[in-house]
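K.L.:
This is protein.tsv, which holds TSV, C-alpha atoms:
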```tsv
chain	number	residue	atom	x	y	z
A	1	MET	CA	143.90	-129.10	108.59
A	2	LYS	CA	140.33	-129.19	109.87
A	3	LEU	CA	137.45	-128.00	107.69
A	4	THR	CA	136.79	-125.10	110.08
A	5	GLU	CA	140.42	-124.00	109.84
A	6	LYS	CA	140.37	-123.77	106.03
A	7	TYR	CA	136.95	-122.18	105.55
A	8	THR	CA	136.72	-119.17	107.87
A	9	ASP	CA	135.40	-116.31	105.71
A	10	PRO	CA	132.19	-114.89	107.27
A	11	ALA	CA	130.93	-114.09	103.76
A	12	TYR	CA	129.94	-117.75	103.20
A	13	ILE	CA	129.31	-118.94	106.78
A	14	VAL	CA	125.53	-119.15	107.32
A	15	PHE	CA	125.98	-119.91	111.02
A	16	TRP	CA	128.60	-121.29	113.42
A	17	ASP	CA	127.02	-122.25	116.73
A	18	ASN	CA	125.20	-124.98	118.65
A	19	ARG	CA	121.60	-124.12	117.79
A	20	ARG	CA	119.03	-126.81	118.44
A	21	LEU	CA	117.08	-126.43	115.18
A	22	ILE	CA	118.50	-126.02	111.70
A	23	ALA	CA	116.28	-124.73	108.90
A	24	LEU	CA	117.63	-124.35	105.37
A	25	SER	CA	115.54	-123.39	102.37
A	26	ASP	CA	116.03	-122.83	98.66
A	27	ASN	CA	117.31	-119.28	98.11
A	28	LYS	CA	115.88	-119.29	94.58
A	29	GLY	CA	112.31	-119.50	95.84
A	30	GLY	CA	111.91	-123.25	95.42
A	31	LYS	CA	109.63	-125.40	97.52
A	32	SER	CA	112.24	-127.69	99.06
A	33	SER	CA	113.63	-127.36	102.58
A	34	TYR	CA	115.93	-129.11	105.03
A	35	SER	CA	115.37	-129.30	108.80
A	36	GLY	CA	117.76	-130.74	111.32
A	37	GLU	CA	117.39	-131.28	115.04
A	38	ASN	CA	120.59	-130.85	117.01
A	39	ALA	CA	119.31	-132.34	120.28
A	40	ASN	CA	122.82	-132.82	121.71
A	41	ARG	CA	123.66	-129.17	120.96
A	42	ASN	CA	126.73	-130.11	118.94
A	43	GLN	CA	128.85	-127.29	117.58
A	44	LEU	CA	127.85	-126.85	113.90
A	45	ALA	CA	129.18	-124.80	111.02
A	46	CYS	CA	126.89	-124.24	108.05
A	47	TYR	CA	128.51	-123.07	104.81
A	48	GLN	CA	126.93	-121.58	101.70
A	49	ILE	CA	128.74	-123.53	98.98
A	50	ASP	CA	127.31	-122.74	95.53
A	51	ALA	CA	126.94	-118.99	96.04
A	52	GLY	CA	129.66	-118.83	98.71
A	53	ILE	CA	132.79	-120.93	99.00
A	54	MET	CA	132.66	-121.95	95.33
A	55	ARG	CA	130.92	-118.98	93.72
A	56	ASN	CA	133.55	-118.55	91.00
A	57	MET	CA	133.79	-122.20	89.97
A	58	PRO	CA	132.73	-123.23	86.45
A	59	GLU	CA	130.82	-126.35	87.53
A	60	LYS	CA	127.68	-126.28	89.66
A	61	GLN	CA	127.93	-127.14	93.36
A	62	CYS	CA	125.47	-128.09	96.09
A	63	ASP	CA	123.77	-125.39	98.16
A	64	TYR	CA	125.00	-126.05	101.70
A	65	GLY	CA	127.61	-127.89	103.72
A	66	LEU	CA	126.77	-128.69	107.34
A	67	TYR	CA	129.79	-129.63	109.44
A	68	ASN	CA	129.39	-131.17	112.89
A	69	MET	CA	132.56	-130.25	114.79
A	70	ASN	CA	131.89	-132.71	117.62
A	71	SER	CA	131.73	-135.81	115.39
A	72	ASP	CA	133.72	-134.48	112.38
A	73	THR	CA	130.88	-135.32	109.98
A	74	VAL	CA	129.80	-133.33	106.91
A	75	ARG	CA	126.42	-133.20	105.20
A	76	PHE	CA	126.32	-131.87	101.65
A	77	ILE	CA	122.81	-130.56	101.04
A	78	GLU	CA	121.25	-129.76	97.66
A	79	LEU	CA	117.79	-128.19	97.42
A	80	LYS	CA	116.58	-128.78	93.87
A	81	GLY	CA	113.62	-128.62	91.53
A	82	SER	CA	113.21	-132.00	89.85
A	83	ASP	CA	116.58	-132.78	88.22
A	84	CYS	CA	117.95	-135.47	90.53
A	85	SER	CA	120.84	-136.39	88.21
A	86	GLN	CA	122.07	-132.78	88.24
A	87	ALA	CA	121.79	-132.69	92.05
A	88	ILE	CA	123.94	-135.84	92.28
A	89	LYS	CA	126.61	-134.19	90.11
A	90	GLN	CA	126.52	-131.08	92.30
A	91	ILE	CA	127.02	-133.15	95.48
A	92	LYS	CA	129.97	-134.99	93.87
A	93	ASN	CA	131.57	-131.73	92.65
A	94	SER	CA	131.25	-130.20	96.12
A	95	ILE	CA	132.78	-133.19	97.90
A	96	THR	CA	135.71	-133.23	95.48
A	97	HIS	CA	136.42	-129.52	95.89
A	98	ILE	CA	135.66	-128.94	99.59
A	99	LEU	CA	137.25	-132.12	100.97
A	100	ASP	CA	140.50	-131.90	99.04
A	101	GLN	CA	143.86	-133.31	100.19
A	102	SER	CA	144.41	-130.46	102.67
A	103	ILE	CA	141.38	-131.46	104.82
A	104	SER	CA	141.82	-134.14	107.47
A	105	GLY	CA	139.79	-135.61	110.29
A	106	VAL	CA	136.39	-135.97	108.56
A	107	THR	CA	134.91	-139.26	109.79
A	108	LYS	CA	131.66	-139.44	107.79
A	109	ILE	CA	130.27	-137.81	104.65
A	110	TYR	CA	126.55	-137.61	103.92
A	111	GLY	CA	124.64	-136.52	100.82
A	112	ARG	CA	121.20	-134.94	101.14
A	113	ILE	CA	119.05	-134.10	98.12
A	114	ILE	CA	115.64	-132.51	98.58
A	115	LEU	CA	113.62	-132.17	95.39
A	116	SER	CA	110.53	-130.01	94.97
A	117	LYS	CA	109.13	-132.81	92.79
A	118	ARG	CA	110.48	-136.12	91.59
A	119	ARG	CA	110.00	-137.56	88.16
A	120	VAL	CA	108.49	-140.99	87.78
A	121	PRO	CA	109.72	-143.73	87.60
A	122	GLN	CA	112.12	-143.52	90.51
A	123	ILE	CA	114.78	-145.87	89.20
A	124	LYS	CA	118.29	-145.41	90.58
A	125	SER	CA	120.72	-144.20	87.95
A	126	THR	CA	124.28	-145.46	87.72
A	127	GLU	CA	125.52	-142.11	89.04
A	128	GLU	CA	123.21	-142.36	92.06
A	129	GLN	CA	124.41	-145.89	92.79
A	130	ARG	CA	128.06	-144.78	92.53
A	131	LEU	CA	127.51	-141.86	94.90
A	132	GLU	CA	125.70	-144.12	97.37
A	133	LYS	CA	128.59	-146.59	97.29
A	134	PHE	CA	131.17	-143.81	97.73
A	135	LEU	CA	129.31	-142.27	100.70
A	136	LYS	CA	128.80	-145.68	102.30
A	137	GLY	CA	132.57	-146.22	102.07
A	138	LYS	CA	133.00	-142.90	103.92
A	139	GLY	CA	130.65	-144.01	106.73
A	140	GLY	CA	127.69	-141.98	105.46
A	141	ASN	CA	124.76	-142.36	103.12
A	142	LEU	CA	122.69	-140.63	100.46
A	143	LEU	CA	119.10	-139.62	101.19
A	144	ILE	CA	116.77	-138.23	98.53
A	145	GLN	CA	113.38	-136.88	99.51
A	146	THR	CA	110.68	-134.71	98.04
A	147	ARG	CA	109.71	-131.28	99.39
A	148	GLN	CA	111.10	-131.55	102.93
A	149	MET	CA	113.72	-133.53	104.81
A	150	ARG	CA	113.88	-133.73	108.57
A	151	GLU	CA	116.62	-135.54	110.47
A	152	TYR	CA	118.51	-135.71	113.74
A	153	ILE	CA	122.05	-134.35	113.67
A	154	ASP	CA	124.40	-136.64	115.57
```
Could I get this structure in the form of structure tokens?

P.N.:
Amino acid sequence: MKLTEKYTDPAYIVFWDNRRLIALSDNKGGKSSYSGENANRNQLACYQIDAGIMRNMPEKQCDYGLYNMNSDTVRFIELKGSDCSQAIKQIKNSITHILDQSISGVTKIYGRIILSKRRVPQIKSTEEQRLEKFLKGKGGNLLIQTRQMREYID
């Protein structure tokens, strides 16, 4: 089953269209934001995960899932204060729950963490290295930036 076949409730769908610009911000009033440019006008579905699909789950989840229906790729996006290790756990929890055994066809998985501030020193933790390795094995990558992230959606 495709991701869009399993998750169809309008209560947690932020948008489902081919908009050219994607702008996601922290609902809790934080200073981090994600911007994507969909130059090819791919069909996208954006899901609210933490307060949507997984609102009744005991463990914390990431904020958004952005699914590109044309390329079958998923971006898990977490907008966070400064706790990068917690954001990594939230991305991992979301991947495990959302992309369970019933979902097929996903070709690449990406992790996106946008922090409002990052603690120094910026040494990669073991958890961060494990997540990077996992995502690389799924054809994607992990990007961590401060304040704002901008990228092209392909």

K.L.:
If we count only C-alpha atoms and set the cut-off at 7 Å, which residues sit around range 18-35 of chain A, ignoring sequence neighbours fewer than 2 positions away in its own chain? Please answer as a list in words.

P.N.:
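Counting only the stated atoms, we get Glu37, Asn38, Ala39, Arg41, Asn42, Gln43, Leu44, Leu79, Lys80, Gly81, Ile114, Leu115, Ser116, Arg147, Gln148, Met149, Arg150 and Glu151 of chain A.
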
K.L.:
Could you write those residues out with C-alpha atoms, as a short mmCIF file (atom, residue, chain, number, x, y, z; two decimals), keeping the file's coordinate frame?

P.N.:
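Result went into selection19.cif, see below:
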```cif
data_model
loop_
_atom_site.label_atom_id
_atom_site.label_comp_id
_atom_site.auth_asym_id
_atom_site.auth_seq_id
_atom_site.Cartn_x
_atom_site.Cartn_y
_atom_site.Cartn_z
CA GLU A 37 117.39 -131.28 115.04
CA ASN A 38 120.59 -130.85 117.01
CA ALA A 39 119.31 -132.34 120.28
CA ARG A 41 123.66 -129.17 120.96
CA ASN A 42 126.73 -130.11 118.94
CA GLN A 43 128.85 -127.29 117.58
CA LEU A 44 127.85 -126.85 113.90
CA LEU A 79 117.79 -128.19 97.42
CA LYS A 80 116.58 -128.78 93.87
CA GLY A 81 113.62 -128.62 91.53
CA ILE A 114 115.64 -132.51 98.58
CA LEU A 115 113.62 -132.17 95.39
CA SER A 116 110.53 -130.01 94.97
CA ARG A 147 109.71 -131.28 99.39
CA GLN A 148 111.10 -131.55 102.93
CA MET A 149 113.72 -133.53 104.81
CA ARG A 150 113.88 -133.73 108.57
CA GLU A 151 116.62 -135.54 110.47
#
```

K.L.:
When distances are computed from only C-alpha atoms, which of A:Thr107, A:Gln145, A:Gln101, A:Gln90 shows the smallest separation from Ser71 in chain A?

P.N.:
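The shortest atom-to-atom distance to Ser71 in chain A comes from A:Thr107.
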
K.L.:
For Ile91 in chain A, which of A:Pro58, A:Lys108, A:Asp72, A:Leu142 is the closest residue, counting only C-alpha atoms?

P.N.:
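That would be A:Leu142, the residue with the smallest distance to Ile91 in chain A.
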
K.L.:
Between CA of Gln61 in chain A and CA of Ile123 in chain A, what is the distance, to one decimal in Å?

P.N.:
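It comes out at 23.3 Å.
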
K.L.:
When you count all atoms listed in the file, which of these residues is closest to Asp154 in chain A: A:Met54, A:Met69, A:Trp16, A:Asp63?

P.N.:
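Closest to Asp154 in chain A of all the choices is A:Met69.
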
K.L.:
Is it possible to get the residues within 12 Å of (142.3, -131.8, 101.4) (coordinates as in the file, counting only C-alpha atoms) written as a list of chain:residue names?

P.N.:
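With a cut-off of 12 Å, the residues come to A:Met1, A:Lys2, A:Leu3, A:Glu5, A:Lys6, A:Tyr7, A:Ile95, A:Thr96, A:His97, A:Ile98, A:Leu99, A:Asp100, A:Gln101, A:Ser102, A:Ile103, A:Ser104, A:Gly105, A:Val106.
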
K.L.:
Export, as a PDB file, in the frame of the given file, the selected residues with C-alpha atoms.

P.N.:
```pdb
ATOM      1  CA  MET A   1     143.900-129.100 108.590  1.00  0.00           C
ATOM      2  CA  LYS A   2     140.330-129.190 109.870  1.00  0.00           C
ATOM      3  CA  LEU A   3     137.450-128.000 107.690  1.00  0.00           C
ATOM      4  CA  GLU A   5     140.420-124.000 109.840  1.00  0.00           C
ATOM      5  CA  LYS A   6     140.370-123.770 106.030  1.00  0.00           C
ATOM      6  CA  TYR A   7     136.950-122.180 105.550  1.00  0.00           C
ATOM      7  CA  ILE A  95     132.780-133.190  97.900  1.00  0.00           C
ATOM      8  CA  THR A  96     135.710-133.230  95.480  1.00  0.00           C
ATOM      9  CA  HIS A  97     136.420-129.520  95.890  1.00  0.00           C
ATOM     10  CA  ILE A  98     135.660-128.940  99.590  1.00  0.00           C
ATOM     11  CA  LEU A  99     137.250-132.120 100.970  1.00  0.00           C
ATOM     12  CA  ASP A 100     140.500-131.900  99.040  1.00  0.00           C
ATOM     13  CA  GLN A 101     143.860-133.310 100.190  1.00  0.00           C
ATOM     14  CA  SER A 102     144.410-130.460 102.670  1.00  0.00           C
ATOM     15  CA  ILE A 103     141.380-131.460 104.820  1.00  0.00           C
ATOM     16  CA  SER A 104     141.820-134.140 107.470  1.00  0.00           C
ATOM     17  CA  GLY A 105     139.790-135.610 110.290  1.00  0.00           C
ATOM     18  CA  VAL A 106     136.390-135.970 108.560  1.00  0.00           C
TER      19      VAL A 106
END
```

K.L.:
What's around Asn141 in chain A at 9 Å? Count all atoms listed in the file, leave out sequence neighbours fewer than 6 positions away in its own chain, and write the answer as a PyMOL selection string.

P.N.:
chain A and resi 108-112+131-135

K.L.:
Point out the residue among A:Ser85, A:Asn56, A:Asn70, A:Gln48 with the least atom-to-atom distance to Phe15 in chain A, counting only C-alpha atoms.

P.N.:
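Nearest to Phe15 in chain A: A:Gln48.
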
K.L.:
Compare A:Arg130, A:Lys60, A:Lys124, A:Lys117 by their minimum atom-to-atom distance to Thr146 in chain A, counting only C-alpha atoms, and give me the closest one.

P.N.:
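Ranking A:Arg130, A:Lys60, A:Lys124, A:Lys117 by distance to Thr146 in chain A, first place goes to A:Lys117.
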
K.L.:
At what distance in Å, to one decimal, does CA of Ser82 in chain A lie from CA of Arg118 in chain A?

P.N.:
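Going from CA of Arg118 in chain A over to CA of Ser82 in chain A, I get 5.2 Å.
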
K.L.:
Kindly indicate which residue among A:Lys136, A:Arg75, A:Lys92, A:Arg119 lies nearest to Ala45 in chain A, using all atoms listed in the file for the distances.

P.N.:
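Checking each of A:Lys136, A:Arg75, A:Lys92, A:Arg119 against Ala45 in chain A, counting all atoms listed in the file, the winner is A:Arg75.
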
K.L.:
In Å, rounded to a single decimal, give me how far CA of Thr73 in chain A is from CA of Met57 in chain A.

P.N.:
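Separating CA of Met57 in chain A from CA of Thr73 in chain A is a distance of 24.1 Å.
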
K.L.:
Need the shell around Cys46 in chain A: protein/DNA/RNA residues with any atom at most 7 Å away, counting only C-alpha atoms. Skip same-chain ones fewer than 5 positions apart. Format as an MDAnalysis selection string?

P.N.:
chainID A and resid 13:16 64:67

K.L.:
Take the residues just selected and output them with C-alpha atoms as a short mmCIF file (atom, residue, chain, number, x, y, z; two decimals), in the coordinates of the input.

P.N.:
```
data_model
loop_
_atom_site.label_atom_id
_atom_site.label_comp_id
_atom_site.auth_asym_id
_atom_site.auth_seq_id
_atom_site.Cartn_x
_atom_site.Cartn_y
_atom_site.Cartn_z
CA ILE A 13 129.31 -118.94 106.78
CA VAL A 14 125.53 -119.15 107.32
CA PHE A 15 125.98 -119.91 111.02
CA TRP A 16 128.60 -121.29 113.42
CA TYR A 64 125.00 -126.05 101.70
CA GLY A 65 127.61 -127.89 103.72
CA LEU A 66 126.77 -128.69 107.34
CA TYR A 67 129.79 -129.63 109.44
#
```
